[in-house]
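For reference, target_11.cif is printed below; it contains mmCIF, C-alpha atoms and all ligand atoms.
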data_start
loop_
_atom_site.group_PDB
_atom_site.id
_atom_site.type_symbol
_atom_site.label_atom_id
_atom_site.label_comp_id
_atom_site.auth_asym_id
_atom_site.auth_seq_id
_atom_site.Cartn_x
_atom_site.Cartn_y
_atom_site.Cartn_z
ATOM 1 C CA MET Z 20 -37.596 33.198 -36.532
ATOM 2 C CA PRO Z 21 -37.704 30.819 -33.540
ATOM 3 C CA GLU Z 22 -40.176 31.470 -30.734
ATOM 4 C CA HIS Z 23 -38.822 33.892 -28.184
ATOM 5 C CA GLU Z 24 -39.649 35.030 -24.689
ATOM 6 C CA ALA Z 25 -39.752 38.684 -23.723
ATOM 7 C CA GLY Z 26 -36.251 39.535 -22.608
ATOM 8 C CA PRO Z 27 -33.442 42.023 -22.954
ATOM 9 C CA THR Z 28 -33.039 44.903 -25.390
ATOM 10 C CA GLY Z 29 -29.514 45.660 -26.572
ATOM 11 C CA VAL Z 30 -26.584 43.827 -28.107
ATOM 12 C CA GLN Z 31 -25.126 40.511 -27.020
ATOM 13 C CA GLU Z 32 -22.017 38.693 -28.152
ATOM 14 C CA THR Z 33 -22.556 35.129 -29.273
ATOM 15 C CA GLY Z 34 -20.092 32.279 -29.551
ATOM 16 C CA LEU Z 35 -20.239 29.076 -31.593
ATOM 17 C CA GLY Z 36 -23.583 28.263 -29.972
ATOM 18 C CA GLY Z 37 -25.150 31.187 -31.799
ATOM 19 C CA ALA Z 38 -24.473 29.795 -35.291
ATOM 20 C CA GLU Z 39 -28.061 28.565 -35.857
ATOM 21 C CA LEU Z 40 -29.577 31.892 -34.846
ATOM 22 C CA LEU Z 41 -27.075 33.852 -36.927
ATOM 23 C CA ALA Z 42 -27.941 31.696 -39.960
ATOM 24 C CA CYS Z 43 -31.650 32.195 -39.315
ATOM 25 C CA LEU Z 44 -31.227 35.978 -39.204
ATOM 26 C CA HIS Z 45 -28.967 35.966 -42.257
ATOM 27 C CA ALA Z 46 -31.592 33.997 -44.226
ATOM 28 C CA GLU Z 47 -34.263 36.599 -43.447
ATOM 29 C CA ILE Z 48 -32.048 39.554 -44.311
ATOM 30 C CA PHE Z 49 -30.057 38.542 -47.404
ATOM 31 C CA PRO Z 50 -31.137 37.183 -50.835
ATOM 32 C CA HIS Z 51 -31.240 33.408 -51.171
ATOM 33 C CA ALA Z 52 -28.067 33.205 -53.273
ATOM 34 C CA GLU Z 53 -26.061 35.070 -50.611
ATOM 35 C CA ARG Z 54 -27.172 33.087 -47.569
ATOM 36 C CA TRP Z 55 -24.662 31.607 -45.166
ATOM 37 C CA GLN Z 56 -25.651 28.300 -43.565
ATOM 38 C CA ALA Z 57 -25.156 27.531 -39.854
ATOM 39 C CA GLN Z 58 -22.102 25.407 -40.683
ATOM 40 C CA ALA Z 59 -20.513 28.372 -42.442
ATOM 41 C CA PHE Z 60 -21.089 30.501 -39.332
ATOM 42 C CA ARG Z 61 -19.541 27.763 -37.159
ATOM 43 C CA GLU Z 62 -16.446 27.680 -39.342
ATOM 44 C CA ILE Z 63 -16.122 31.471 -39.432
ATOM 45 C CA LEU Z 64 -16.670 31.816 -35.664
ATOM 46 C CA ALA Z 65 -13.994 29.194 -35.035
ATOM 47 C CA VAL Z 66 -11.324 31.450 -36.575
ATOM 48 C CA ALA Z 67 -9.323 33.315 -33.907
ATOM 49 C CA GLY Z 68 -10.381 36.925 -33.423
ATOM 50 C CA THR Z 69 -13.887 36.410 -34.804
ATOM 51 C CA GLN Z 70 -16.907 37.612 -32.837
ATOM 52 C CA GLY Z 71 -20.630 37.239 -33.498
ATOM 53 C CA TRP Z 72 -23.088 39.882 -32.257
ATOM 54 C CA ILE Z 73 -26.879 39.886 -32.078
ATOM 55 C CA SER Z 74 -29.160 42.841 -31.403
ATOM 56 C CA LEU Z 75 -32.361 42.278 -29.438
ATOM 57 C CA VAL Z 76 -35.606 44.149 -28.785
ATOM 58 C CA ASP Z 77 -37.552 42.736 -25.854
ATOM 59 C CA GLY Z 78 -35.707 39.462 -26.325
ATOM 60 C CA GLU Z 79 -36.473 39.245 -30.044
ATOM 61 C CA PRO Z 80 -33.384 38.990 -32.261
ATOM 62 C CA THR Z 81 -33.358 41.897 -34.723
ATOM 63 C CA GLY Z 82 -29.981 41.871 -36.422
ATOM 64 C CA LEU Z 83 -26.523 40.357 -36.666
ATOM 65 C CA LEU Z 84 -22.927 41.434 -36.982
ATOM 66 C CA LEU Z 85 -19.827 39.338 -37.561
ATOM 67 C CA THR Z 86 -16.429 40.899 -36.900
ATOM 68 C CA ARG Z 87 -12.818 39.814 -36.969
ATOM 69 C CA LEU Z 88 -9.771 41.344 -35.292
ATOM 70 C CA LEU Z 89 -6.463 40.523 -36.965
ATOM 71 C CA PRO Z 90 -2.988 40.465 -35.454
ATOM 72 C CA GLY Z 91 -1.283 43.761 -36.247
ATOM 73 C CA GLY Z 92 -4.029 46.150 -35.252
ATOM 74 C CA GLU Z 93 -6.548 45.746 -38.039
ATOM 75 C CA GLY Z 94 -10.141 44.566 -37.924
ATOM 76 C CA GLU Z 95 -12.891 43.829 -40.421
ATOM 77 C CA ILE Z 96 -16.653 43.706 -40.648
ATOM 78 C CA LEU Z 97 -17.585 40.350 -42.211
ATOM 79 C CA THR Z 98 -21.334 40.775 -42.360
ATOM 80 C CA LEU Z 99 -24.013 43.057 -40.939
ATOM 81 C CA GLY Z 100 -27.760 43.018 -41.375
ATOM 82 C CA VAL Z 101 -31.037 43.952 -39.700
ATOM 83 C CA ARG Z 102 -34.420 42.284 -40.170
ATOM 84 C CA PRO Z 103 -36.626 44.481 -42.384
ATOM 85 C CA ALA Z 104 -39.221 45.126 -39.657
ATOM 86 C CA PHE Z 105 -36.582 46.646 -37.377
ATOM 87 C CA ARG Z 106 -34.692 48.858 -39.820
ATOM 88 C CA ARG Z 107 -34.193 52.578 -39.118
ATOM 89 C CA THR Z 108 -34.517 51.973 -35.391
ATOM 90 C CA GLY Z 109 -30.795 52.119 -34.641
ATOM 91 C CA GLN Z 110 -30.147 48.366 -34.570
ATOM 92 C CA ALA Z 111 -27.159 48.389 -36.949
ATOM 93 C CA SER Z 112 -25.670 51.420 -35.218
ATOM 94 C CA SER Z 113 -25.996 49.665 -31.841
ATOM 95 C CA LEU Z 114 -24.331 46.518 -33.184
ATOM 96 C CA LEU Z 115 -21.388 48.443 -34.617
ATOM 97 C CA GLN Z 116 -21.005 50.584 -31.496
ATOM 98 C CA ALA Z 117 -21.019 47.491 -29.256
ATOM 99 C CA PHE Z 118 -18.203 46.035 -31.333
ATOM 100 C CA LEU Z 119 -16.202 49.287 -31.405
ATOM 101 C CA ALA Z 120 -16.514 49.598 -27.610
ATOM 102 C CA CYS Z 121 -15.571 46.027 -26.753
ATOM 103 C CA PRO Z 122 -12.365 45.304 -24.797
ATOM 104 C CA ALA Z 123 -10.878 43.251 -27.635
ATOM 105 C CA VAL Z 124 -10.819 46.355 -29.864
ATOM 106 C CA GLU Z 125 -9.042 48.324 -27.137
ATOM 107 C CA ALA Z 126 -6.322 45.868 -26.179
ATOM 108 C CA PRO Z 127 -4.256 45.379 -28.157
ATOM 109 C CA LYS Z 128 -5.238 48.667 -29.764
ATOM 110 C CA THR Z 129 -7.049 48.320 -33.099
ATOM 111 C CA GLU Z 130 -5.907 51.046 -35.490
ATOM 112 C CA LYS Z 131 -8.088 50.411 -38.545
ATOM 113 C CA ILE Z 132 -11.326 48.585 -39.335
ATOM 114 C CA PHE Z 133 -12.133 47.695 -42.939
ATOM 115 C CA LEU Z 134 -15.261 46.535 -44.751
ATOM 116 C CA GLU Z 135 -16.598 46.120 -48.268
ATOM 117 C CA VAL Z 136 -19.999 47.384 -49.330
ATOM 118 C CA SER Z 137 -21.678 47.551 -52.722
ATOM 119 C CA VAL Z 138 -21.550 50.991 -54.296
ATOM 120 C CA ASN Z 139 -25.309 50.504 -54.847
ATOM 121 C CA ASN Z 140 -26.096 49.957 -51.157
ATOM 122 C CA ARG Z 141 -27.118 53.472 -50.193
ATOM 123 C CA ALA Z 142 -28.422 52.512 -46.756
ATOM 124 C CA ALA Z 143 -25.195 50.823 -45.701
ATOM 125 C CA LEU Z 144 -23.000 53.556 -47.221
ATOM 126 C CA ALA Z 145 -24.945 56.157 -45.224
ATOM 127 C CA LEU Z 146 -24.741 54.082 -42.037
ATOM 128 C CA TYR Z 147 -20.985 53.542 -42.251
ATOM 129 C CA GLY Z 148 -20.379 57.157 -43.258
ATOM 130 C CA GLN Z 149 -22.317 58.340 -40.220
ATOM 131 C CA LEU Z 150 -20.052 56.222 -38.001
ATOM 132 C CA GLY Z 151 -16.881 57.708 -39.478
ATOM 133 C CA PHE Z 152 -15.929 55.106 -42.116
ATOM 134 C CA ARG Z 153 -14.361 56.647 -45.237
ATOM 135 C CA GLN Z 154 -13.732 55.219 -48.697
ATOM 136 C CA ALA Z 155 -10.294 53.606 -48.910
ATOM 137 C CA GLY Z 156 -10.547 51.884 -52.281
ATOM 138 C CA LEU Z 157 -12.752 50.346 -54.956
ATOM 139 C CA ARG Z 158 -12.945 46.700 -56.030
ATOM 140 C CA ARG Z 159 -14.332 46.463 -59.533
ATOM 141 C CA ALA Z 160 -17.011 43.798 -60.241
ATOM 142 C CA TYR Z 161 -16.538 42.393 -56.738
ATOM 143 C CA TYR Z 162 -20.086 41.069 -56.304
ATOM 144 C CA PRO Z 163 -21.827 38.275 -58.249
ATOM 145 C CA ASP Z 164 -24.210 40.834 -59.820
ATOM 146 C CA GLY Z 165 -21.173 42.650 -61.257
ATOM 147 C CA SER Z 166 -21.396 45.637 -58.942
ATOM 148 C CA ASP Z 167 -18.290 47.285 -57.534
ATOM 149 C CA ALA Z 168 -17.363 47.162 -53.863
ATOM 150 C CA CYS Z 169 -16.449 50.283 -51.991
ATOM 151 C CA VAL Z 170 -13.703 49.463 -49.477
ATOM 152 C CA MET Z 171 -14.277 51.581 -46.382
ATOM 153 C CA CYS Z 172 -12.003 52.153 -43.421
ATOM 154 C CA LEU Z 173 -12.483 53.554 -39.942
ATOM 155 C CA GLU Z 174 -9.214 55.010 -38.679
ATOM 156 C CA GLU Z 175 -10.015 57.256 -35.769
ATOM 157 C CA LEU Z 176 -11.166 54.806 -33.145
ATOM 158 C CA SER Z 177 -11.838 56.516 -29.831
HETATM 159 C C1 LIG F 201 -27.866 48.687 -43.953
HETATM 160 C C2 LIG F 201 -28.629 48.179 -42.714
HETATM 161 C C3 LIG F 201 -27.739 47.204 -41.969
HETATM 162 C C4 LIG F 201 -28.948 49.399 -41.808
HETATM 163 O O1 LIG F 201 -29.523 48.897 -40.614
HETATM 164 P P1 LIG F 201 -30.458 49.802 -39.681
HETATM 165 O O2 LIG F 201 -30.591 49.123 -38.368
HETATM 166 O O3 LIG F 201 -31.694 50.149 -40.415
HETATM 167 O O4 LIG F 201 -29.582 51.134 -39.523
HETATM 168 P P2 LIG F 201 -29.751 52.228 -38.377
HETATM 169 O O5 LIG F 201 -31.189 52.336 -37.969
HETATM 170 O O6 LIG F 201 -28.750 51.988 -37.303
HETATM 171 O O7 LIG F 201 -29.392 53.542 -39.207
HETATM 172 C C5 LIG F 201 -28.323 54.407 -38.842
HETATM 173 C C6 LIG F 201 -28.140 55.447 -39.933
HETATM 174 O O8 LIG F 201 -27.757 54.811 -41.164
HETATM 175 C C7 LIG F 201 -28.372 55.531 -42.264
HETATM 176 N N1 LIG F 201 -29.357 54.689 -42.936
HETATM 177 C C8 LIG F 201 -29.800 53.467 -42.538
HETATM 178 N N2 LIG F 201 -30.694 52.992 -43.437
HETATM 179 C C9 LIG F 201 -30.815 53.930 -44.392
HETATM 180 C C10 LIG F 201 -31.594 54.019 -45.580
HETATM 181 N N3 LIG F 201 -32.439 53.035 -45.955
HETATM 182 N N4 LIG F 201 -31.461 55.111 -46.361
HETATM 183 C C11 LIG F 201 -30.621 56.111 -46.008
HETATM 184 N N5 LIG F 201 -29.869 56.108 -44.871
HETATM 185 C C12 LIG F 201 -29.959 55.021 -44.084
HETATM 186 C C13 LIG F 201 -29.045 56.754 -41.648
HETATM 187 O O9 LIG F 201 -28.086 57.778 -41.577
HETATM 188 C C14 LIG F 201 -29.386 56.231 -40.275
HETATM 189 O O10 LIG F 201 -29.594 57.232 -39.327
HETATM 190 P P3 LIG F 201 -31.068 57.885 -39.177
HETATM 191 O O11 LIG F 201 -32.059 56.738 -39.109
HETATM 192 O O12 LIG F 201 -30.952 58.651 -37.907
HETATM 193 O O13 LIG F 201 -31.280 58.734 -40.388
HETATM 194 C C15 LIG F 201 -29.990 47.517 -43.128
HETATM 195 O O14 LIG F 201 -30.662 48.350 -44.026
HETATM 196 C C16 LIG F 201 -29.847 46.131 -43.742
HETATM 197 O O15 LIG F 201 -29.797 45.138 -43.031
HETATM 198 N N6 LIG F 201 -29.780 46.047 -45.102
HETATM 199 C C17 LIG F 201 -29.661 44.746 -45.785
HETATM 200 C C18 LIG F 201 -28.330 44.087 -45.511
HETATM 201 C C19 LIG F 201 -27.166 44.986 -45.852
HETATM 202 O O16 LIG F 201 -27.181 45.736 -46.819
HETATM 203 N N7 LIG F 201 -26.107 44.901 -45.015
HETATM 204 C C20 LIG F 201 -24.888 45.679 -45.180
HETATM 205 C C21 LIG F 201 -23.937 44.939 -46.027
HETATM 206 S S1 LIG F 201 -22.366 45.773 -46.083
#
As C-alpha cells, please, write out the structure in this file.
Amino acid sequence: MPEHEAGPTGVQETGLGGAELLACLHAEIFPHAERWQAQAFREILAVAGTQGWISLVDGEPTGLLLTRLLPGGEGEILTLGVRPAFRRTGQASSLLQAFLACPAVEAPKTEKIFLEVSVNNRAALALYGQLGFRQAGLRRAYYPDGSDACVMCLEELS
C-alpha cells in the first residue's frame, strides 16, 4: 500500500481519482487471476450510477466497495473486499452500511440490491446474511474455478 498519514477513520466515497487506490486494494485482497487493474476501475467508475467506497482506519485504507444503482430501482454490489489484517473489525459492514445510507439509494428509492457470491465463500455469505440479504437464485459454474454463484438480494431497505 502507498504511504499514508494518520487521518480519518470511517468510509469515504471516491470518484475516478480513486482508481489507483482501488486497484491497489483489490490486488492485496483478491487472487492474482481475479485482479482488476486501475484502468478497469476507471472504466467501471465512469458508468452512470457507479460509486466507489473506501474504508479507513486512522487514514489507512482498509477495504473497498464498488456499487452501481440502475434506473428502475435496482442496485448491485460489484466488488467488496477488506485487507486481511483488518478483517473481522467491521470494515465490510461499515462499507455496505455507508452505501445503503447514501442519498442516491434513497432518491429515487432503491427497491432491491443484488450481488453474486461463491457458494464456497462462507465469510461473505455470513456477512451478507447478517445485513439482510437472502438467496434469490443460483448460477451454476459461474466462477472460473467452476464454483456456483449464489445470487443474493436485499429487499427491505430502510
Ligand atoms: C468477506 C469479507 C469482505 C468480510 O469483511 P470483514 O470486514 O472481515 O467483515 P466484518 O468484520 O464487517 O464482518 C461482519 C460479519 O460478517 C460475518 N463474517 C465476516 N467474516 C467472517 C468469517 N471469516 N467467518 C464467518 N463469518 C464472518 C460475521 O457475521 C461478522 O460479524 P462478527 O464479526 O460480529 O461475527 C472479507 O473476508 C474479505 O475481504 N474476503 C475476501 C474477498 C471476498 O470474499 N469478498 C466478497 C466477494 S462477494
Give me the residues of chain Z that have any atom at most 7 Å from an atom of ligand LIG 201 (chain F); for each, the nearest atom pair and the distance in Å, rounded to one decimal. Use only C-alpha atoms and all ligand atoms, sort by chain and number, and format it as JSON lines.
{"residue": "Z:Ile48", "atom": "CA", "partner": "F:LIG201", "partner_atom": "C17", "distance": 5.9}
{"residue": "Z:Phe49", "atom": "CA", "partner": "F:LIG201", "partner_atom": "C18", "distance": 6.1}
{"residue": "Z:Thr98", "atom": "CA", "partner": "F:LIG201", "partner_atom": "C21", "distance": 6.1}
{"residue": "Z:Leu99", "atom": "CA", "partner": "F:LIG201", "partner_atom": "N7", "distance": 4.9}
{"residue": "Z:Gly100", "atom": "CA", "partner": "F:LIG201", "partner_atom": "O15", "distance": 3.4}
{"residue": "Z:Val101", "atom": "CA", "partner": "F:LIG201", "partner_atom": "O15", "distance": 3.7}
{"residue": "Z:Arg102", "atom": "CA", "partner": "F:LIG201", "partner_atom": "O15", "distance": 6.1}
{"residue": "Z:Pro103", "atom": "CA", "partner": "F:LIG201", "partner_atom": "O15", "distance": 6.9}
{"residue": "Z:Phe105", "atom": "CA", "partner": "F:LIG201", "partner_atom": "O2", "distance": 6.6}
{"residue": "Z:Arg106", "atom": "CA", "partner": "F:LIG201", "partner_atom": "O3", "distance": 3.3}
{"residue": "Z:Arg107", "atom": "CA", "partner": "F:LIG201", "partner_atom": "O5", "distance": 3.2}
{"residue": "Z:Thr108", "atom": "CA", "partner": "F:LIG201", "partner_atom": "O5", "distance": 4.2}
{"residue": "Z:Gly109", "atom": "CA", "partner": "F:LIG201", "partner_atom": "O5", "distance": 3.4}
{"residue": "Z:Gln110", "atom": "CA", "partner": "F:LIG201", "partner_atom": "O2", "distance": 3.9}
{"residue": "Z:Ala111", "atom": "CA", "partner": "F:LIG201", "partner_atom": "O2", "distance": 3.8}
{"residue": "Z:Ser112", "atom": "CA", "partner": "F:LIG201", "partner_atom": "O6", "distance": 3.8}
{"residue": "Z:Ser113", "atom": "CA", "partner": "F:LIG201", "partner_atom": "O6", "distance": 6.5}
{"residue": "Z:Glu135", "atom": "CA", "partner": "F:LIG201", "partner_atom": "S1", "distance": 6.2}
{"residue": "Z:Val136", "atom": "CA", "partner": "F:LIG201", "partner_atom": "S1", "distance": 4.3}
{"residue": "Z:Ser137", "atom": "CA", "partner": "F:LIG201", "partner_atom": "S1", "distance": 6.9}
{"residue": "Z:Asn140", "atom": "CA", "partner": "F:LIG201", "partner_atom": "O16", "distance": 6.1}
{"residue": "Z:Arg141", "atom": "CA", "partner": "F:LIG201", "partner_atom": "N4", "distance": 6.0}
{"residue": "Z:Ala142", "atom": "CA", "partner": "F:LIG201", "partner_atom": "C9", "distance": 3.7}
{"residue": "Z:Ala143", "atom": "CA", "partner": "F:LIG201", "partner_atom": "C1", "distance": 3.8}
{"residue": "Z:Ala145", "atom": "CA", "partner": "F:LIG201", "partner_atom": "C7", "distance": 4.6}
{"residue": "Z:Leu146", "atom": "CA", "partner": "F:LIG201", "partner_atom": "O8", "distance": 3.2}
{"residue": "Z:Tyr147", "atom": "CA", "partner": "F:LIG201", "partner_atom": "O8", "distance": 7.0}
{"residue": "Z:Gln149", "atom": "CA", "partner": "F:LIG201", "partner_atom": "O9", "distance": 6.0}
Need the neighbours of (-12.9, 51.9, -38.3): which residues are at most 10 Å away, counting only C-alpha atoms, as a PyMOL selection string?
chain Z and resi 93-96+115+119+129-134+147+150-153+171-177
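Between atom CA of Z:Leu41 and atom CA of Z:Pro163 lies a distance of 22.4 Å.
For the pair atom CA of Z:Pro80 and atom CA of Z:His51, the separation is 19.8 Å.
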For Z:Pro27, which of Z:Pro127, Z:Gly68, Z:Gly78, Z:Pro50 is the closest residue, counting only C-alpha atoms?
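Of the candidates, the smallest distance to Z:Pro27 is held by Z:Gly78.
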Point out the residue among Z:Glu39, Z:Ala168, Z:Met20, Z:Gln56 with the least atom-to-atom distance to Z:Leu144, counting only C-alpha atoms.
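Closest to Z:Leu144, using only C-alpha atoms: Z:Ala168.
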I'd like the neighbourhood of Z:Ser74 as a list in words, where a residue qualifies if any of its atoms comes within 6 Å (using all atoms listed in the file), though same-chain residues fewer than 3 positions away should be ignored.
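The contact residues come out as Gly29, Val30, Pro80, Thr81 and Gly82 of chain Z.
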Can you turn the PyMOL selection byres (((chain Z and resi 32) around 10) and not hetatm) into a concrete residue list for this file, as a list in words?
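Written out, the selection comes to Val30, Gln31, Thr33, Gly34, Gly37, Gln70, Gly71, Trp72, Ile73, Ser74, Leu83, Leu84, Leu85, Leu114, Ala117, Phe118 and Cys121 of chain Z.
Put simply, atom CA of Z:Leu88 is 26.6 Å away from atom CA of Z:Asn139.
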Name the residues that the PyMOL selection byres (((chain Z and resi 57) around 6) and not hetatm) picks from the file above, as a list in words, using the file's chain letters and numbers.
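Evaluating the PyMOL selection byres (((chain Z and resi 57) around 6) and not hetatm) on these coordinates yields Ala38, Glu39, Ala42, Gln56, Gln58, Ala59 and Phe60 of chain Z.
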Spatial neighbours of Z:Thr69, max dist 9 Å, all atoms listed in the file, sep filter under 2 positions, as a PyMOL selection string
chain Z and resi 63-67+71+85-89
Mind writing stretch 132-156 of chain Z to a file for me, with N, CA and C atoms, as an mmCIF file, in the first residue's frame?
data_model
loop_
_atom_site.group_PDB
_atom_site.id
_atom_site.type_symbol
_atom_site.label_atom_id
_atom_site.label_comp_id
_atom_site.auth_asym_id
_atom_site.auth_seq_id
_atom_site.Cartn_x
_atom_site.Cartn_y
_atom_site.Cartn_z
ATOM 1 N N ILE Z 132 -31.345 -4.689 -3.996
ATOM 2 C CA ILE Z 132 -29.907 -4.680 -4.290
ATOM 3 C C ILE Z 132 -29.447 -6.129 -4.438
ATOM 4 N N PHE Z 133 -28.801 -6.414 -5.555
ATOM 5 C CA PHE Z 133 -28.367 -7.771 -5.875
ATOM 6 C C PHE Z 133 -26.853 -7.903 -5.779
ATOM 7 N N LEU Z 134 -26.396 -9.122 -5.613
ATOM 8 C CA LEU Z 134 -24.960 -9.434 -5.685
ATOM 9 C C LEU Z 134 -24.798 -10.917 -5.988
ATOM 10 N N GLU Z 135 -23.606 -11.283 -6.425
ATOM 11 C CA GLU Z 135 -23.262 -12.694 -6.591
ATOM 12 C C GLU Z 135 -22.100 -13.016 -5.669
ATOM 13 N N VAL Z 136 -22.158 -14.171 -5.058
ATOM 14 C CA VAL Z 136 -21.072 -14.604 -4.173
ATOM 15 C C VAL Z 136 -20.925 -16.115 -4.318
ATOM 16 N N SER Z 137 -19.669 -16.578 -4.281
ATOM 17 C CA SER Z 137 -19.434 -18.012 -4.410
ATOM 18 C C SER Z 137 -20.100 -18.762 -3.260
ATOM 19 N N VAL Z 138 -20.688 -19.904 -3.592
ATOM 20 C CA VAL Z 138 -21.308 -20.716 -2.540
ATOM 21 C C VAL Z 138 -20.264 -21.204 -1.536
ATOM 22 N N ASN Z 139 -18.975 -21.121 -1.921
ATOM 23 C CA ASN Z 139 -17.893 -21.557 -1.022
ATOM 24 C C ASN Z 139 -17.378 -20.439 -0.116
ATOM 25 N N ASN Z 140 -17.848 -19.223 -0.320
ATOM 26 C CA ASN Z 140 -17.327 -18.073 0.418
ATOM 27 C C ASN Z 140 -18.143 -17.864 1.707
ATOM 28 N N ARG Z 141 -17.778 -18.636 2.712
ATOM 29 C CA ARG Z 141 -18.567 -18.632 3.951
ATOM 30 C C ARG Z 141 -18.564 -17.276 4.630
ATOM 31 N N ALA Z 142 -17.410 -16.598 4.599
ATOM 32 C CA ALA Z 142 -17.317 -15.298 5.277
ATOM 33 C C ALA Z 142 -18.279 -14.304 4.648
ATOM 34 N N ALA Z 143 -18.263 -14.227 3.324
ATOM 35 C CA ALA Z 143 -19.124 -13.259 2.639
ATOM 36 C C ALA Z 143 -20.599 -13.639 2.776
ATOM 37 N N LEU Z 144 -20.906 -14.937 2.701
ATOM 38 C CA LEU Z 144 -22.303 -15.368 2.859
ATOM 39 C C LEU Z 144 -22.823 -14.975 4.242
ATOM 40 N N ALA Z 145 -21.967 -15.134 5.259
ATOM 41 C CA ALA Z 145 -22.379 -14.766 6.623
ATOM 42 C C ALA Z 145 -22.558 -13.256 6.738
ATOM 43 N N LEU Z 146 -21.631 -12.510 6.153
ATOM 44 C CA LEU Z 146 -21.714 -11.041 6.192
ATOM 45 C C LEU Z 146 -23.017 -10.549 5.559
ATOM 46 N N TYR Z 147 -23.274 -11.006 4.333
ATOM 47 C CA TYR Z 147 -24.468 -10.522 3.625
ATOM 48 C C TYR Z 147 -25.747 -10.976 4.338
ATOM 49 N N GLY Z 148 -25.728 -12.211 4.860
ATOM 50 C CA GLY Z 148 -26.893 -12.705 5.576
ATOM 51 C C GLY Z 148 -27.187 -11.854 6.798
ATOM 52 N N GLN Z 149 -26.116 -11.446 7.487
ATOM 53 C CA GLN Z 149 -26.287 -10.619 8.685
ATOM 54 C C GLN Z 149 -26.910 -9.254 8.341
ATOM 55 N N LEU Z 150 -26.648 -8.790 7.126
ATOM 56 C CA LEU Z 150 -27.186 -7.485 6.708
ATOM 57 C C LEU Z 150 -28.565 -7.594 6.057
ATOM 58 N N GLY Z 151 -29.100 -8.801 5.976
ATOM 59 C CA GLY Z 151 -30.467 -8.958 5.481
ATOM 60 C C GLY Z 151 -30.577 -9.457 4.048
ATOM 61 N N PHE Z 152 -29.441 -9.732 3.387
ATOM 62 C CA PHE Z 152 -29.508 -10.285 2.024
ATOM 63 C C PHE Z 152 -29.993 -11.737 2.111
ATOM 64 N N ARG Z 153 -30.821 -12.142 1.152
ATOM 65 C CA ARG Z 153 -31.335 -13.508 1.101
ATOM 66 C C ARG Z 153 -31.086 -14.099 -0.283
ATOM 67 N N GLN Z 154 -30.943 -15.437 -0.334
ATOM 68 C CA GLN Z 154 -30.685 -16.070 -1.623
ATOM 69 C C GLN Z 154 -31.864 -15.866 -2.560
ATOM 70 N N ALA Z 155 -31.528 -15.442 -3.812
ATOM 71 C CA ALA Z 155 -32.575 -15.196 -4.805
ATOM 72 C C ALA Z 155 -32.387 -16.089 -6.024
ATOM 73 N N GLY Z 156 -31.287 -16.813 -6.079
ATOM 74 C CA GLY Z 156 -31.046 -17.688 -7.224
ATOM 75 C C GLY Z 156 -29.682 -18.332 -7.122
#
